[in-house]
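**Student:** You'll find coords.cif just under this line, and it carries mmCIF, C-alpha atoms.
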data_structure
loop_
_atom_site.label_atom_id
_atom_site.label_comp_id
_atom_site.auth_asym_id
_atom_site.auth_seq_id
_atom_site.Cartn_x
_atom_site.Cartn_y
_atom_site.Cartn_z
CA MET A 5 -76.33 6.86 13.08
CA ASP A 6 -75.43 3.97 15.39
CA ASP A 7 -71.94 2.54 15.96
CA SER A 8 -72.19 0.62 12.69
CA GLY A 9 -73.01 3.80 10.74
CA ALA A 10 -76.61 2.79 10.08
CA LEU A 11 -79.34 5.37 10.04
CA ALA A 12 -81.84 5.35 12.87
CA PRO A 13 -85.60 5.02 12.10
CA GLU A 14 -87.34 7.92 10.31
CA GLY A 15 -84.05 9.14 8.92
CA ARG A 16 -82.69 10.25 12.27
CA LYS A 17 -78.96 10.39 12.70
CA ARG A 18 -77.98 9.25 16.19
CA GLY A 19 -75.34 11.32 17.92
CA ASP A 20 -75.83 14.12 15.41
CA VAL A 21 -74.28 17.37 16.67
CA TRP A 22 -76.19 20.55 15.79
CA ARG A 23 -75.54 24.15 16.60
CA LEU A 24 -78.08 25.92 18.80
CA ILE A 25 -78.40 29.70 18.51
CA ARG A 26 -80.64 31.75 20.80
CA SER A 27 -80.76 35.14 19.13
CA ALA A 28 -81.61 38.43 20.77
CA PRO A 29 -84.90 40.02 19.66
CA ALA A 30 -84.42 42.10 16.51
CA ASP A 31 -86.34 43.74 13.67
CA GLY A 32 -87.83 41.71 10.85
CA ALA A 33 -85.21 42.51 8.22
CA THR A 34 -82.44 41.43 10.58
CA GLN A 35 -84.13 38.16 11.53
CA MET A 36 -84.77 37.15 7.92
CA ALA A 37 -81.23 38.12 6.91
CA VAL A 38 -79.74 36.00 9.72
CA ASP A 39 -81.91 33.02 8.72
CA GLU A 40 -80.70 33.26 5.12
CA ALA A 41 -77.07 33.73 6.13
CA ILE A 42 -77.22 30.57 8.25
CA TRP A 43 -78.99 28.71 5.43
CA GLN A 44 -76.20 29.61 2.99
CA SER A 45 -73.48 28.75 5.51
CA VAL A 46 -74.95 25.34 6.37
CA ALA A 47 -75.63 24.52 2.72
CA SER A 48 -72.00 25.31 1.87
CA GLY A 49 -70.68 23.05 4.62
CA LEU A 50 -69.20 25.98 6.56
CA ALA A 51 -71.47 25.43 9.57
CA PRO A 52 -73.20 22.40 11.10
CA PRO A 53 -76.97 21.84 11.03
CA THR A 54 -78.46 24.67 13.04
CA LEU A 55 -81.51 25.25 15.21
CA ARG A 56 -82.13 28.93 15.91
CA LEU A 57 -84.70 30.41 18.32
CA TYR A 58 -85.65 34.08 18.29
CA ALA A 59 -88.23 36.82 18.80
CA TRP A 60 -89.10 40.08 17.02
CA ASP A 61 -88.62 43.66 18.22
CA PRO A 62 -90.56 45.62 17.17
CA PRO A 63 -93.45 43.32 16.22
CA CYS A 64 -93.43 42.59 12.51
CA LEU A 65 -95.83 41.45 9.83
CA SER A 66 -94.10 39.06 7.43
CA LEU A 67 -95.32 38.20 3.96
CA GLY A 68 -94.75 34.92 2.18
CA ARG A 69 -92.24 35.08 -0.67
CA ASN A 70 -94.93 35.25 -3.35
CA GLN A 71 -97.64 37.18 -1.48
CA SER A 72 -98.74 40.58 -2.77
CA VAL A 73 -97.79 43.58 -0.62
CA MET A 74 -101.13 45.10 -1.69
CA GLU A 75 -102.77 42.86 0.93
CA VAL A 76 -101.08 44.90 3.71
CA ASP A 77 -102.38 48.12 5.25
CA ARG A 78 -98.96 49.72 5.55
CA GLU A 79 -100.33 52.91 7.11
CA ALA A 80 -101.93 50.90 9.93
CA LEU A 81 -98.63 49.08 10.49
CA ALA A 82 -96.76 52.37 10.64
CA ARG A 83 -99.22 53.84 13.14
CA ALA A 84 -98.72 50.81 15.38
CA GLY A 85 -94.93 51.09 15.08
CA TYR A 86 -94.68 47.62 13.53
CA ASP A 87 -92.29 46.40 10.81
CA LEU A 88 -93.02 44.78 7.47
CA VAL A 89 -90.74 42.18 5.87
CA ARG A 90 -90.95 39.57 3.12
CA ARG A 91 -89.79 36.07 4.02
CA PRO A 92 -87.54 33.93 1.78
CA THR A 93 -90.09 31.13 2.25
CA GLY A 94 -93.65 30.81 1.01
CA GLY A 95 -97.00 30.93 2.76
CA ARG A 96 -99.24 33.76 3.87
CA ALA A 97 -98.99 36.71 6.28
CA ILE A 98 -98.00 36.31 9.94
CA LEU A 99 -97.95 38.95 12.67
CA HIS A 100 -94.88 38.14 14.74
CA ILE A 101 -95.78 39.35 18.22
CA ASP A 102 -95.70 37.50 21.56
CA GLU A 103 -94.29 34.42 19.86
CA LEU A 104 -91.34 32.05 19.66
CA THR A 105 -89.88 31.65 16.19
CA TYR A 106 -87.70 28.67 15.29
CA SER A 107 -85.56 28.08 12.22
CA VAL A 108 -83.80 24.92 11.06
CA ALA A 109 -81.03 24.91 8.46
CA LEU A 110 -79.86 21.57 7.06
CA PRO A 111 -77.76 20.35 4.13
CA LEU A 112 -79.96 18.47 1.68
CA GLU A 113 -77.98 15.27 2.23
CA HIS A 114 -78.99 15.23 5.91
CA PRO A 115 -81.40 12.36 6.71
CA LEU A 116 -84.08 14.75 7.99
CA ALA A 117 -83.98 16.65 4.70
CA ARG A 118 -84.16 13.75 2.28
CA GLY A 119 -87.05 13.38 -0.15
CA ASP A 120 -89.53 16.11 -0.98
CA VAL A 121 -90.64 19.10 1.08
CA PRO A 122 -93.64 17.35 2.75
CA SER A 123 -91.41 14.42 3.77
CA SER A 124 -88.87 16.65 5.49
CA CYS A 125 -91.63 18.77 7.06
CA ARG A 126 -93.13 15.59 8.51
CA ARG A 127 -89.82 14.62 10.08
CA ILE A 128 -89.11 18.07 11.49
CA SER A 129 -92.64 18.21 12.92
CA GLU A 130 -91.67 15.35 15.26
CA GLY A 131 -89.36 17.73 17.12
CA LEU A 132 -92.09 20.35 17.43
CA LEU A 133 -94.62 17.80 18.67
CA ALA A 134 -92.12 16.51 21.25
CA ALA A 135 -91.62 20.10 22.41
CA LEU A 136 -95.35 20.57 22.91
CA ARG A 137 -95.67 17.28 24.78
CA SER A 138 -92.89 18.38 27.14
CA LEU A 139 -95.04 21.41 27.96
CA GLY A 140 -98.16 19.31 28.51
CA VAL A 141 -99.93 19.77 25.15
CA TRP A 142 -100.86 16.14 24.55
CA ASN A 143 -103.46 16.60 21.82
CA ALA A 144 -101.23 18.32 19.27
CA THR A 145 -100.94 16.57 15.90
CA ALA A 146 -99.29 17.16 12.54
CA TYR A 147 -101.96 18.04 9.96
CA GLN A 148 -102.09 15.11 7.53
CA GLU A 149 -104.34 16.38 4.76
CA LYS A 150 -103.29 18.10 1.58
CA PRO A 151 -103.36 21.84 2.27
CA ALA A 152 -106.39 23.71 1.02
CA THR A 153 -105.91 26.62 -1.33
CA PRO A 154 -105.69 29.71 0.92
CA VAL A 155 -108.80 31.89 0.66
CA GLY A 156 -107.36 34.82 2.58
CA PRO A 157 -104.08 36.52 3.45
CA VAL A 158 -103.66 35.07 6.97
CA CYS A 159 -101.26 32.15 7.39
CA PHE A 160 -102.95 30.83 10.53
CA GLU A 161 -106.39 30.51 8.90
CA THR A 162 -105.39 27.38 6.96
CA PRO A 163 -103.04 24.60 8.14
CA GLY A 164 -100.54 23.26 5.63
CA GLU A 165 -99.36 19.70 5.34
CA PHE A 166 -97.59 18.64 8.58
CA GLU A 167 -98.11 21.98 10.31
CA ILE A 168 -99.17 21.59 13.95
CA VAL A 169 -102.81 21.72 15.02
CA VAL A 170 -104.53 21.38 18.40
CA GLY A 171 -108.19 20.43 18.43
CA GLY A 172 -108.41 21.28 14.73
CA ARG A 173 -106.94 24.78 15.25
CA LYS A 174 -103.54 25.75 13.89
CA LEU A 175 -100.87 26.30 16.55
CA ILE A 176 -97.53 26.31 14.69
CA GLY A 177 -97.22 27.66 11.16
CA SER A 178 -94.08 26.69 9.22
CA ALA A 179 -92.62 27.23 5.76
CA GLN A 180 -89.61 25.81 3.95
CA ALA A 181 -87.30 26.91 1.15
CA ARG A 182 -84.62 24.88 -0.63
CA GLY A 183 -81.63 25.89 -2.67
CA ARG A 184 -77.83 26.04 -2.79
CA GLY A 185 -77.70 22.47 -1.47
CA GLY A 186 -79.57 23.17 1.75
CA LEU A 187 -82.96 23.86 3.26
CA LEU A 188 -84.31 26.51 5.56
CA GLN A 189 -87.47 25.85 7.53
CA HIS A 190 -88.79 28.39 9.97
CA GLY A 191 -92.03 28.75 11.82
CA ALA A 192 -94.04 30.69 14.38
CA LEU A 193 -95.41 29.49 17.72
CA PRO A 194 -97.80 32.16 19.11
CA LEU A 195 -97.43 32.19 22.88
CA PHE A 196 -100.30 34.39 24.08
CA GLY A 197 -102.52 37.30 23.10
CA ASP A 198 -105.24 37.67 20.49
CA ILE A 199 -104.38 35.53 17.47
CA ALA A 200 -106.63 37.78 15.34
CA ARG A 201 -104.61 40.97 15.93
CA ILE A 202 -103.22 40.59 12.41
CA CYS A 203 -106.61 41.38 10.87
CA ALA A 204 -106.22 45.11 11.57
CA PHE A 205 -103.19 45.26 9.27
CA LEU A 206 -104.56 43.49 6.20
CA ARG A 207 -106.91 44.58 3.45
CA PRO A 208 -109.59 43.75 3.00
CA SER A 209 -109.60 43.01 6.72
CA PRO A 210 -110.25 39.30 7.41
CA ASP A 211 -112.98 38.27 9.84
CA PRO A 212 -111.34 38.11 13.30
CA GLU A 213 -113.82 35.52 14.55
CA ARG A 214 -112.98 33.26 11.62
CA VAL A 215 -109.27 33.52 12.45
CA ARG A 216 -109.89 32.82 16.16
CA ALA A 217 -111.98 29.77 15.24
CA ARG A 218 -109.20 28.35 13.09
CA ALA A 219 -106.06 29.21 15.08
CA THR A 220 -104.89 29.27 18.67
CA THR A 221 -101.97 30.15 20.95
CA LEU A 222 -99.84 28.00 23.23
CA SER A 223 -101.24 29.65 26.36
CA GLU A 224 -104.79 29.05 25.18
CA ALA A 225 -104.01 25.41 24.46
CA LEU A 226 -102.47 24.95 27.92
CA GLY A 227 -104.75 27.20 29.96
CA ARG A 228 -101.80 29.17 31.33
CA GLU A 229 -99.37 31.77 30.03
CA VAL A 230 -96.05 30.47 28.71
CA SER A 231 -92.95 32.67 28.53
CA TRP A 232 -90.53 32.80 25.61
CA ASP A 233 -87.80 31.19 27.73
CA GLU A 234 -90.02 28.29 28.76
CA ALA A 235 -91.15 27.67 25.19
CA ALA A 236 -87.59 27.91 23.87
CA GLU A 237 -86.33 25.35 26.38
CA ALA A 238 -89.18 23.03 25.38
CA VAL A 239 -88.15 23.23 21.71
CA VAL A 240 -84.56 22.40 22.65
CA VAL A 241 -85.73 19.40 24.69
CA GLY A 242 -88.15 18.34 21.96
CA PHE A 243 -85.51 18.29 19.23
CA GLN A 244 -83.07 16.44 21.47
CA GLN A 245 -85.65 13.80 22.34
CA ALA A 246 -87.10 13.37 18.86
CA PHE A 247 -83.83 13.18 16.96
CA GLY A 248 -81.23 12.06 19.50
CA LEU A 249 -79.32 15.29 18.98
CA VAL A 250 -76.45 16.93 20.76
CA LEU A 251 -77.23 20.66 20.67
CA GLU A 252 -74.20 22.88 21.28
CA GLU A 253 -75.01 26.52 22.03
CA ARG A 254 -72.91 28.82 19.85
CA ASP A 255 -72.95 32.20 18.16
CA LEU A 256 -72.99 33.16 14.50
CA LEU A 257 -69.69 32.70 12.72
CA PRO A 258 -67.95 35.91 11.59
CA HIS A 259 -68.73 35.29 7.91
CA GLU A 260 -72.41 34.70 8.79
CA THR A 261 -72.58 38.00 10.67
CA GLU A 262 -71.03 39.80 7.71
CA LEU A 263 -73.37 38.14 5.22
CA ALA A 264 -76.42 38.86 7.38
CA LEU A 265 -75.55 42.55 7.53
CA ARG A 266 -75.23 42.67 3.75
CA LEU A 267 -78.47 40.73 3.18
CA ARG A 268 -80.32 43.02 5.54
CA GLU A 269 -79.30 46.19 3.74
CA GLU A 270 -79.40 44.91 0.17
CA LYS A 271 -82.45 42.65 0.40
CA TYR A 272 -84.71 42.43 3.43
CA ALA A 273 -84.74 46.12 4.37
CA ALA A 274 -85.01 47.18 0.73
CA GLU A 275 -88.33 48.23 -0.79
CA VAL A 276 -87.45 46.47 -4.04
CA TRP A 277 -87.68 43.13 -2.15
CA THR A 278 -90.55 44.00 0.18
CA ALA A 279 -92.80 45.26 -2.65
CA ARG A 280 -91.56 42.87 -5.34
CA LEU A 281 -95.10 41.73 -6.27
#
Re-express the file's structure as structure tokens.

**Tutor:**
Amino acid sequence: MDDSGALAPEGRKRGDVWRLIRSAPADGATQMAVDEAIWQSVASGLAPPTLRLYAWDPPCLSLGRNQSVMEVDREALARAGYDLVRRPTGGRAILHIDELTYSVALPLEHPLARGDVPSSCRRISEGLLAALRSLGVWNATAYQEKPATPVGPVCFETPGEFEIVVGGRKLIGSAQARGRGGLLQHGALPLFGDIARICAFLRPSPDPERVRARATTLSEALGREVSWDEAAEAVVVGFQQAFGLVLEERDLLPHETELALRLREEKYAAEVWTARL
């Protein structure tokens, strides 16, 4: 918004102040509970728009909200010491390991959230693309085609509308949920390692070569390894540049911490949610 109160191009709101949270690595149930707690808080007007950056410890396989748990080899996950969680958003399975995860929570009246899901995803993708450019990934684009119907359980096999691709291979997978007057969008940026590691934990096991042909990591795209801290700083810079934001680093509010603890125990760590389909 400029001095006259007018909206900037593409629905940006100039001088917009967001909260930035850099969370410590945590298990899957905790990370999903914190995302939902922030979503509820922002939607209720109790917290400002929020960008959160985090990692997973231990590594975790996450299922989309409507994906069958029967597609997971839970014994193989247990042997590896990895978690399993179901996301509040849609999409297919992701193995969260050696990655940066971002989440954005906005009230639905925010200019970046207006319109339908693809419209808001397109706007938010501008921040992600700016982040990649700041790292030197100049050939990243937002996938413009209608998403194909997934043929397998792996999220990174098939790009969705306005997810980020490099040379035709998916680099950032994102998903969005709306409700309670707000939206939550979160997504995974694999930093390094074998993008096909997920195949060992799904059944029937997808073809690893097919996954490698269709997806990539940030380090592979750049030709050098990128740390979590470097990638996180790039996302901060990218969102500031793309949307003219002021990002103020803060912690969770007390009521968000309390809600996240409750959501973790009652929902995301509960078998009734994990195995709901």

**Student:** Name every residue that the PyMOL selection byres ((chain A and resi 176) around 8) selects in this structure, writing the answer as number ranges by chain with chains first and numbers rising.

**Tutor:** A: 167-169, 174-175, 177-178, 191-194

**Student:** Would you kindly return, as an MDAnalysis selection string, each protein, DNA or RNA residue with an atom no farther than 10 Å from any atom of segment 227-230 of chain A, considering all atoms listed in the file and excluding same-chain residues fewer than 3 positions away?

**Tutor:** chainID A and resid 103 139 194:197 221:224 233:235

**Student:** Record the distance separating atom CA of Leu50 of chain A and atom CA of Gln189 of chain A, expressed in Å with one decimal.

**Tutor:**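 So the answer is 18.3 Å.
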
**Student:** Using all atoms listed in the file, determine which residues lie at most 7 Å from segment 79-87 of chain A, disregarding the query and same-chain residues fewer than 2 positions distant; provide the list as a list in words.

**Tutor:**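 The neighbour list is Gly32, Pro62, Pro63, Cys64, Leu65, Asp77, Val89 and Phe205 of chain A.
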
**Student:** Of the residues A:Thr34, A:Glu40, A:Ser72, A:Leu55, which is the one nearest to Glu252 of chain A, using only C-alpha atoms?

**Tutor:**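 Nearest candidate to Glu252 of chain A out of A:Thr34, A:Glu40, A:Ser72, A:Leu55: A:Leu55.
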
**Student:** Closest to Gly94 of chain A among A:Arg216, A:Arg69, A:Arg201, A:Arg23, using only C-alpha atoms?

**Tutor:** A:Arg69

**Student:** Could you tell me which residues the PyMOL selection byres ((chain A and resi 111) around 12) grabs in this file, written as a VMD selection string?

**Tutor:** chain A and resid 22 42 to 54 108 to 110 112 to 118 124 181 to 189

**Student:** For Ile202 of chain A, which residue out of A:Leu263, A:Leu67, A:Val38, A:Ile98 is the nearest one, using only C-alpha atoms?

**Tutor:**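 Closest residue, counting only C-alpha atoms: A:Ile98.
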
**Student:** Provide the atom CA of Phe243 of chain A to atom CA of Arg90 of chain A distance in Å, to one decimal place.

**Tutor:**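 So the answer is 27.2 Å.
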
**Student:** Which protein, DNA or RNA residues are at most 8 Å from (-91.9, 20.3, 22.3) in the file's coordinates when you count only C-alpha atoms, listed as a VMD selection string?

**Tutor:** chain A and resid 131 to 139 235 238 to 243

**Student:** Could you work out how far atom CA of Val250 of chain A lies from atom CA of Arg126 of chain A, giving the answer in Å with one decimal?

**Tutor:**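 The value is 20.7 Å.
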
**Student:** Go through A:Ala200, A:Cys125, A:Ala236, A:Leu88 one by one, measure the shortest atom-to-atom distance of each to Ala33 of chain A using all atoms listed in the file, and give the residue with the smallest value.

**Tutor:**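 Closest to Ala33 of chain A of all the choices is A:Leu88.
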